[in-house]
$ cat final.pdb   # PDB, C-alpha atoms, pLDDT in the B column
ATOM      1  CA  MET K   1      81.610 109.145 155.819  1.00 78.00           C
ATOM      2  CA  LEU K   2      83.335 110.479 152.706  1.00 79.00           C
ATOM      3  CA  TRP K   3      86.130 108.907 150.696  1.00 76.00           C
ATOM      4  CA  ARG K   4      86.421 110.327 147.203  1.00 77.00           C
ATOM      5  CA  GLN K   5      89.192 110.136 144.632  1.00 78.00           C
ATOM      6  CA  ILE K   6      89.675 113.548 143.055  1.00 74.00           C
ATOM      7  CA  TYR K   7      92.058 113.073 140.135  1.00 68.00           C
ATOM      8  CA  PRO K   8      92.065 109.672 138.402  1.00 66.00           C
ATOM      9  CA  GLY K   9      95.659 110.058 137.171  1.00 66.00           C
ATOM     10  CA  LEU K  10      96.952 111.219 140.554  1.00 69.00           C
ATOM     11  CA  PRO K  11      95.686 109.291 143.543  1.00 78.00           C
ATOM     12  CA  LEU K  12      94.424 112.237 145.596  1.00 81.00           C
ATOM     13  CA  PHE K  13      91.597 111.493 147.996  1.00 83.00           C
ATOM     14  CA  HIS K  14      89.347 113.666 150.119  1.00 84.00           C
ATOM     15  CA  ALA K  15      88.226 112.019 153.331  1.00 88.00           C
ATOM     16  CA  VAL K  16      85.841 113.219 156.034  1.00 90.00           C
ATOM     17  CA  THR K  17      85.062 111.328 159.237  1.00 89.00           C
ATOM     18  CA  ALA K  18      81.743 111.336 161.146  1.00 90.00           C
ATOM     19  CA  ASP K  19      83.042 114.023 163.539  1.00 91.00           C
ATOM     20  CA  TYR K  20      84.277 116.034 160.533  1.00 90.00           C
ATOM     21  CA  LEU K  21      87.967 115.341 160.735  1.00 88.00           C
ATOM     22  CA  ARG K  22      89.034 116.198 157.194  1.00 84.00           C
ATOM     23  CA  TYR K  23      91.983 114.820 155.232  1.00 79.00           C
ATOM     24  CA  ASP K  24      93.441 115.365 151.789  1.00 80.00           C
ATOM     25  CA  ILE K  25      95.485 112.232 151.113  1.00 79.00           C
ATOM     26  CA  THR K  26      97.872 111.536 148.250  1.00 78.00           C
ATOM     27  CA  VAL K  27      99.193 108.053 147.580  1.00 78.00           C
ATOM     28  CA  THR K  28     102.385 108.320 145.565  1.00 75.00           C
ATOM     29  CA  THR K  29     105.913 107.121 144.928  1.00 76.00           C
ATOM     30  CA  ALA K  30     109.150 108.879 145.842  1.00 75.00           C
ATOM     31  CA  GLN K  31     109.821 110.166 142.329  1.00 77.00           C
ATOM     32  CA  HIS K  32     106.412 111.882 142.223  1.00 75.00           C
ATOM     33  CA  VAL K  33     106.708 113.850 145.473  1.00 76.00           C
ATOM     34  CA  ALA K  34     107.123 117.436 144.292  1.00 75.00           C
ATOM     35  CA  GLU K  35     106.723 119.120 147.671  1.00 78.00           C
ATOM     36  CA  SER K  36     109.267 119.972 150.334  1.00 77.00           C
ATOM     37  CA  ALA K  37     109.307 118.535 153.843  1.00 78.00           C
ATOM     38  CA  ASP K  38     107.752 121.672 155.342  1.00 77.00           C
ATOM     39  CA  ARG K  39     104.683 121.354 153.049  1.00 76.00           C
ATOM     40  CA  VAL K  40     103.670 117.694 153.537  1.00 77.00           C
ATOM     41  CA  ARG K  41     103.327 115.212 156.354  1.00 80.00           C
ATOM     42  CA  SER K  42     103.795 111.520 155.866  1.00 80.00           C
ATOM     43  CA  LEU K  43     101.237 109.139 157.339  1.00 78.00           C
ATOM     44  CA  VAL K  44     102.952 105.939 156.175  1.00 81.00           C
ATOM     45  CA  ASP K  45     106.586 106.201 155.075  1.00 82.00           C
ATOM     46  CA  LYS K  46     108.360 102.869 155.415  1.00 84.00           C
ATOM     47  CA  THR K  47     111.246 103.951 153.168  1.00 83.00           C
ATOM     48  CA  TRP K  48     111.920 107.340 154.826  1.00 84.00           C
ATOM     49  CA  ILE K  49     111.026 109.405 151.770  1.00 83.00           C
ATOM     50  CA  HIS K  50     109.968 112.392 153.874  1.00 84.00           C
ATOM     51  CA  ALA K  51     113.398 112.590 155.498  1.00 84.00           C
ATOM     52  CA  ARG K  52     115.017 112.845 152.047  1.00 83.00           C
ATOM     53  CA  LEU K  53     112.845 115.717 150.839  1.00 82.00           C
ATOM     54  CA  ALA K  54     114.287 119.210 150.606  1.00 79.00           C
ATOM     55  CA  PRO K  55     113.554 121.073 153.850  1.00 76.00           C
ATOM     56  CA  SER K  56     111.777 123.889 151.961  1.00 73.00           C
ATOM     57  CA  ARG K  57     111.383 125.381 148.488  1.00 77.00           C
ATOM     58  CA  GLU K  58     112.031 128.847 147.125  1.00 82.00           C
ATOM     59  CA  ARG K  59     109.101 130.903 145.934  1.00 79.00           C
ATOM     60  CA  PRO K  60     108.807 130.678 142.152  1.00 82.00           C
ATOM     61  CA  PRO K  61     109.357 133.711 139.935  1.00 86.00           C
ATOM     62  CA  LEU K  62     106.307 135.661 138.887  1.00 88.00           C
ATOM     63  CA  SER K  63     104.851 134.072 135.742  1.00 93.00           C
ATOM     64  CA  ALA K  64     104.277 136.602 132.956  1.00 96.00           C
ATOM     65  CA  GLN K  65     101.916 134.174 131.214  1.00 97.00           C
ATOM     66  CA  ALA K  66      99.841 133.611 134.351  1.00 96.00           C
ATOM     67  CA  VAL K  67      99.460 137.365 134.921  1.00 97.00           C
ATOM     68  CA  HIS K  68      98.463 137.893 131.280  1.00 98.00           C
ATOM     69  CA  ASP K  69      95.954 135.034 131.437  1.00 98.00           C
ATOM     70  CA  VAL K  70      94.274 136.344 134.605  1.00 98.00           C
ATOM     71  CA  ALA K  71      94.014 139.861 133.150  1.00 98.00           C
ATOM     72  CA  GLU K  72      92.627 138.553 129.876  1.00 98.00           C
ATOM     73  CA  GLU K  73      90.061 136.360 131.651  1.00 98.00           C
ATOM     74  CA  PHE K  74      88.951 139.244 133.884  1.00 98.00           C
ATOM     75  CA  LEU K  75      88.347 141.432 130.835  1.00 99.00           C
ATOM     76  CA  ARG K  76      86.553 138.625 128.965  1.00 98.00           C
ATOM     77  CA  ILE K  77      84.160 138.064 131.879  1.00 98.00           C
ATOM     78  CA  LEU K  78      83.625 141.805 132.367  1.00 98.00           C
ATOM     79  CA  GLY K  79      82.695 142.134 128.698  1.00 98.00           C
ATOM     80  CA  LEU K  80      79.806 139.705 129.257  1.00 98.00           C
ATOM     81  CA  LEU K  81      78.090 142.051 131.730  1.00 98.00           C
ATOM     82  CA  PRO K  82      75.895 143.712 129.063  1.00 98.00           C
ATOM     83  CA  VAL K  83      74.691 140.276 127.914  1.00 97.00           C
ATOM     84  CA  GLY K  84      73.360 139.367 131.365  1.00 97.00           C
ATOM     85  CA  VAL K  85      71.929 142.840 131.896  1.00 97.00           C
ATOM     86  CA  GLY K  86      70.271 142.790 128.461  1.00 96.00           C
ATOM     87  CA  ARG K  87      68.621 139.455 129.241  1.00 97.00           C
ATOM     88  CA  GLU K  88      67.695 140.671 132.732  1.00 97.00           C
ATOM     89  CA  ASP K  89      69.296 137.477 134.024  1.00 97.00           C
ATOM     90  CA  TRP K  90      70.263 138.777 137.448  1.00 96.00           C
ATOM     91  CA  ALA K  91      71.427 135.384 138.685  1.00 95.00           C
ATOM     92  CA  ALA K  92      73.889 135.208 135.773  1.00 96.00           C
ATOM     93  CA  VAL K  93      74.980 138.797 136.411  1.00 97.00           C
ATOM     94  CA  ALA K  94      75.637 137.953 140.077  1.00 96.00           C
ATOM     95  CA  ALA K  95      77.556 134.838 139.007  1.00 96.00           C
ATOM     96  CA  GLY K  96      79.637 137.040 136.702  1.00 97.00           C
ATOM     97  CA  VAL K  97      80.497 139.326 139.612  1.00 97.00           C
ATOM     98  CA  GLY K  98      81.577 136.227 141.530  1.00 96.00           C
ATOM     99  CA  LEU K  99      83.815 135.175 138.641  1.00 97.00           C
ATOM    100  CA  LEU K 100      85.388 138.648 138.546  1.00 98.00           C
ATOM    101  CA  ARG K 101      86.051 138.376 142.287  1.00 97.00           C
ATOM    102  CA  GLN K 102      87.728 135.003 141.706  1.00 96.00           C
ATOM    103  CA  GLN K 103      90.033 136.619 139.145  1.00 98.00           C
ATOM    104  CA  LEU K 104      90.935 139.367 141.631  1.00 98.00           C
ATOM    105  CA  GLN K 105      91.685 136.666 144.192  1.00 95.00           C
ATOM    106  CA  ALA K 106      93.802 134.770 141.638  1.00 95.00           C
ATOM    107  CA  LEU K 107      95.753 137.963 140.940  1.00 97.00           C
ATOM    108  CA  MET K 108      96.349 138.492 144.661  1.00 96.00           C
ATOM    109  CA  ILE K 109      97.632 134.929 144.955  1.00 94.00           C
ATOM    110  CA  LEU K 110      99.984 135.443 141.991  1.00 95.00           C
ATOM    111  CA  GLU K 111     101.385 138.535 143.721  1.00 94.00           C
ATOM    112  CA  GLN K 112     102.366 136.409 146.717  1.00 91.00           C
ATOM    113  CA  ARG K 113     104.193 133.842 144.529  1.00 90.00           C
ATOM    114  CA  PRO K 114     103.270 130.845 146.712  1.00 80.00           C
ATOM    115  CA  VAL K 115     105.491 127.766 146.576  1.00 75.00           C
ATOM    116  CA  SER K 116     102.427 125.720 145.612  1.00 73.00           C
ATOM    117  CA  PRO K 117      98.811 126.745 144.991  1.00 72.00           C
ATOM    118  CA  PRO K 118      96.916 127.368 148.220  1.00 72.00           C
ATOM    119  CA  GLY K 119      93.848 125.431 149.184  1.00 69.00           C
ATOM    120  CA  ALA K 120      90.477 127.143 149.070  1.00 66.00           C
ATOM    121  CA  LEU K 121      90.520 127.616 152.841  1.00 68.00           C
ATOM    122  CA  ALA K 122      94.128 128.823 153.132  1.00 79.00           C
ATOM    123  CA  LEU K 123      93.811 132.451 152.047  1.00 86.00           C
ATOM    124  CA  THR K 124      94.272 133.885 155.545  1.00 86.00           C
ATOM    125  CA  ARG K 125      97.708 132.271 155.706  1.00 87.00           C
ATOM    126  CA  LEU K 126      98.726 133.673 152.323  1.00 88.00           C
ATOM    127  CA  LEU K 127      97.121 137.044 151.664  1.00 92.00           C
ATOM    128  CA  PRO K 128      97.832 140.220 153.640  1.00 93.00           C
ATOM    129  CA  PRO K 129      94.988 141.628 155.784  1.00 95.00           C
ATOM    130  CA  GLU K 130      94.260 144.487 153.361  1.00 96.00           C
ATOM    131  CA  ASP K 131      93.699 142.000 150.516  1.00 95.00           C
ATOM    132  CA  LEU K 132      91.397 139.887 152.667  1.00 93.00           C
ATOM    133  CA  ALA K 133      89.459 143.035 153.613  1.00 94.00           C
ATOM    134  CA  LEU K 134      89.110 144.022 149.953  1.00 94.00           C
ATOM    135  CA  LEU K 135      87.825 140.560 149.022  1.00 93.00           C
ATOM    136  CA  ALA K 136      85.301 140.770 151.865  1.00 91.00           C
ATOM    137  CA  GLN K 137      84.096 144.199 150.676  1.00 89.00           C
ATOM    138  CA  VAL K 138      83.324 142.940 147.176  1.00 85.00           C
ATOM    139  CA  ALA K 139      81.950 139.577 148.270  1.00 77.00           C
ATOM    140  CA  ALA K 140      78.380 139.419 146.961  1.00 83.00           C
ATOM    141  CA  PRO K 141      76.367 142.379 145.728  1.00 87.00           C
ATOM    142  CA  PRO K 142      72.611 141.901 145.298  1.00 90.00           C
ATOM    143  CA  ALA K 143      71.461 140.027 142.185  1.00 92.00           C
ATOM    144  CA  THR K 144      70.026 143.134 140.548  1.00 94.00           C
ATOM    145  CA  ARG K 145      70.963 145.363 137.628  1.00 95.00           C
ATOM    146  CA  GLU K 146      72.462 147.946 139.971  1.00 95.00           C
ATOM    147  CA  GLY K 147      74.221 145.336 142.105  1.00 95.00           C
ATOM    148  CA  GLY K 148      75.756 143.649 139.071  1.00 96.00           C
ATOM    149  CA  ILE K 149      76.989 146.865 137.504  1.00 97.00           C
ATOM    150  CA  SER K 150      78.279 148.438 140.725  1.00 96.00           C
ATOM    151  CA  GLY K 151      79.891 145.167 141.829  1.00 96.00           C
ATOM    152  CA  SER K 152      81.597 144.700 138.460  1.00 97.00           C
ATOM    153  CA  LEU K 153      82.862 148.287 138.401  1.00 97.00           C
ATOM    154  CA  ALA K 154      84.157 148.034 141.986  1.00 96.00           C
ATOM    155  CA  LEU K 155      86.064 144.887 141.057  1.00 97.00           C
ATOM    156  CA  ALA K 156      87.446 146.524 137.906  1.00 98.00           C
ATOM    157  CA  LYS K 157      88.608 149.502 139.987  1.00 97.00           C
ATOM    158  CA  ALA K 158      90.455 147.125 142.327  1.00 97.00           C
ATOM    159  CA  PHE K 159      91.722 144.746 139.640  1.00 98.00           C
ATOM    160  CA  LEU K 160      92.893 146.773 136.652  1.00 98.00           C
ATOM    161  CA  PRO K 161      95.574 149.053 138.188  1.00 98.00           C
ATOM    162  CA  ARG K 162      96.901 146.171 140.246  1.00 97.00           C
ATOM    163  CA  ALA K 163      96.990 143.820 137.255  1.00 98.00           C
ATOM    164  CA  ARG K 164      98.766 146.420 135.087  1.00 98.00           C
ATOM    165  CA  ARG K 165     101.377 146.945 137.791  1.00 97.00           C
ATOM    166  CA  LEU K 166     101.906 143.198 138.184  1.00 97.00           C
ATOM    167  CA  ALA K 167     102.079 142.713 134.412  1.00 98.00           C
ATOM    168  CA  SER K 168     104.793 145.362 134.260  1.00 97.00           C
ATOM    169  CA  GLN K 169     106.753 143.674 137.060  1.00 96.00           C
ATOM    170  CA  ALA K 170     106.453 140.267 135.386  1.00 96.00           C
ATOM    171  CA  GLY K 171     107.235 141.520 131.888  1.00 97.00           C
ATOM    172  CA  ALA K 172     103.795 140.343 130.743  1.00 97.00           C
ATOM    173  CA  SER K 173     102.043 141.710 127.706  1.00 97.00           C
ATOM    174  CA  TRP K 174      98.907 143.653 128.558  1.00 98.00           C
ATOM    175  CA  PRO K 175      95.731 142.810 126.585  1.00 98.00           C
ATOM    176  CA  GLN K 176      95.198 146.462 125.643  1.00 98.00           C
ATOM    177  CA  GLU K 177      93.065 145.784 122.567  1.00 98.00           C
ATOM    178  CA  LEU K 178      90.714 143.641 124.643  1.00 98.00           C
ATOM    179  CA  GLU K 179      90.583 146.262 127.403  1.00 98.00           C
ATOM    180  CA  THR K 180      89.748 148.979 124.863  1.00 98.00           C
ATOM    181  CA  ALA K 181      87.037 146.804 123.303  1.00 98.00           C
ATOM    182  CA  VAL K 182      85.522 146.080 126.736  1.00 98.00           C
ATOM    183  CA  ARG K 183      85.633 149.773 127.716  1.00 98.00           C
ATOM    184  CA  ASP K 184      83.888 150.760 124.479  1.00 97.00           C
ATOM    185  CA  HIS K 185      81.354 147.922 124.819  1.00 98.00           C
ATOM    186  CA  LEU K 186      80.399 148.881 128.396  1.00 98.00           C
ATOM    187  CA  ALA K 187      80.126 152.568 127.469  1.00 97.00           C
ATOM    188  CA  ARG K 188      77.972 151.815 124.423  1.00 98.00           C
ATOM    189  CA  GLU K 189      75.697 149.153 125.960  1.00 97.00           C
ATOM    190  CA  LEU K 190      75.401 150.272 129.586  1.00 97.00           C
ATOM    191  CA  ALA K 191      76.548 153.922 129.478  1.00 97.00           C
ATOM    192  CA  VAL K 192      79.191 153.250 132.137  1.00 96.00           C
ATOM    193  CA  ASP K 193      82.838 154.255 132.252  1.00 95.00           C
ATOM    194  CA  LEU K 194      85.212 151.515 133.279  1.00 92.00           C
ATOM    195  CA  PRO K 195      87.392 152.711 136.188  1.00 90.00           C
ATOM    196  CA  GLY K 196      91.054 151.881 136.533  1.00 76.00           C
TER     197      GLY K 196
END

$ encode --input "final.pdb" --output "structure tokens"
Amino acid sequence: MLWRQIYPGLPLFHAVTADYLRYDITVTTAQHVAESADRVRSLVDKTWIHARLAPSRERPPLSAQAVHDVAEEFLRILGLLPVGVGREDWAAVAAGVGLLRQQLQALMILEQRPVSPPGALALTRLLPPEDLALLAQVAAPPATREGGISGSLALAKAFLPRARRLASQAGASWPQELETAVRDHLARELAVDLPG
């Protein structure tokens, strides 16, 4: 039913059968297999590559740059809230809340230091129950002025202290000037105080 190549440079295919059996298939050579034996399963392996893979991999260290980038992106998106509100573009405001939620999710994933990035449907195997509950709480506020502002502020309250703590652990620089500018911008344009 579906056979689609995802990345032209890396032969990764998504496949779905008529009874919705789903596969993610990579066609590669031995020198390009970056995973460990516990993370991949070989469908065709005539040269026993899978048997030569490391049994497992250590979790990587926390990336200071990745933490900084997620924090910076969260603040950048949050700073756009007055634009959507000013235009009364509630669909864009709701999309912005969704982007903020994605940054919170990305931060939670960074905290877990996964061996390789999780798939979109693998969060329950990676994140602790309290993180999953928090993501469910802030899932999708109504596409209104109030929903956009309250959803954004709830995400900021969850994100900012956690991101600062993680930045400190990783030795990451904190985008304080950007945070201050966003705080001032939200106070001036929307008369709201940024929590966290």

$ atom_distance --input "final.pdb" --atom1 "CA of Leu107 in chain K" --atom2 "CA of Gly151 in chain K"
17.4 Å

$ residues_around --input "final.pdb" --residues "Gln176 in chain K" --least-positions-apart "4" --cutoff "10 Å" --atoms "all atoms listed in the file" --output "PyMOL selection string"
chain K and resi 72+75+180-182

$ write_last_selection --input "final.pdb" --atoms "C-alpha atoms" --output "PDB file, keeping the file's coordinate frame"
ATOM      1  CA  GLU K  72      92.627 138.553 129.876  1.00 98.00           C
ATOM      2  CA  LEU K  75      88.347 141.432 130.835  1.00 99.00           C
ATOM      3  CA  THR K 180      89.748 148.979 124.863  1.00 98.00           C
ATOM      4  CA  ALA K 181      87.037 146.804 123.303  1.00 98.00           C
ATOM      5  CA  VAL K 182      85.522 146.080 126.736  1.00 98.00           C
TER       6      VAL K 182
END

$ residues_around --input "final.pdb" --residues "Ala54 in chain K" --least-positions-apart "2" --cutoff "9 Å" --atoms "all atoms listed in the file" --output "VMD selection string"
chain K and resid 35 to 38 50 to 52 56 to 57

$ write_last_selection --input "final.pdb" --atoms "C-alpha atoms" --output "mmCIF file, in the frame of the given file"
data_model
loop_
_atom_site.group_PDB
_atom_site.id
_atom_site.type_symbol
_atom_site.label_atom_id
_atom_site.label_comp_id
_atom_site.auth_asym_id
_atom_site.auth_seq_id
_atom_site.Cartn_x
_atom_site.Cartn_y
_atom_site.Cartn_z
ATOM 1 C CA GLU K 35 106.723 119.120 147.671
ATOM 2 C CA SER K 36 109.267 119.972 150.334
ATOM 3 C CA ALA K 37 109.307 118.535 153.843
ATOM 4 C CA ASP K 38 107.752 121.672 155.342
ATOM 5 C CA HIS K 50 109.968 112.392 153.874
ATOM 6 C CA ALA K 51 113.398 112.590 155.498
ATOM 7 C CA ARG K 52 115.017 112.845 152.047
ATOM 8 C CA SER K 56 111.777 123.889 151.961
ATOM 9 C CA ARG K 57 111.383 125.381 148.488
#

$ closest_residue --input "final.pdb" --among "K:Leu155, K:Ala122, K:Ala139, K:Ile149" --to "Gly84 in chain K" --atoms "only C-alpha atoms"
K:Ile149

$ residues_around --input "final.pdb" --residues "range 128-134 of chain K" --least-positions-apart "6" --cutoff "12 Å" --atoms "all atoms listed in the file" --output "ChimeraX atom specification"
/K:101,104-109,111-112,122,154-155,157-159,162

$ residues_near_point --input "final.pdb" --point "(72.3, 140.2, 137.1)" --cutoff "6 Å" --atoms "all atoms listed in the file" --output "number ranges by chain"
K: 84-85, 89-94, 143-145, 148

$ closest_residue --input "final.pdb" --among "K:Ala172, K:Ala18, K:Val67, K:Ile77" --to "Met1 in chain K" --atoms "all atoms listed in the file"
K:Ala18

$ resolve_selection --input "final.pdb" --expression "the PyMOL selection byres ((chain K and resi 28-33) around 12)" --output "list of chain:residue names"
K:Gly9, K:Leu10, K:Pro11, K:Leu12, K:Phe13, K:Ile25, K:Thr26, K:Val27, K:Ala34, K:Glu35, K:Ser36, K:Ala37, K:Arg39, K:Val40, K:Arg41, K:Ser42, K:Leu43, K:Val44, K:Asp45, K:Lys46, K:Thr47, K:Trp48, K:Ile49, K:His50, K:Ala51, K:Arg52, K:Leu53, K:Ala54

$ residues_around --input "final.pdb" --residues "Gln65 in chain K" --least-positions-apart "3" --cutoff "12 Å" --atoms "all atoms listed in the file" --output "number ranges by chain"
K: 61-62, 68-72, 110, 166-168, 170-175
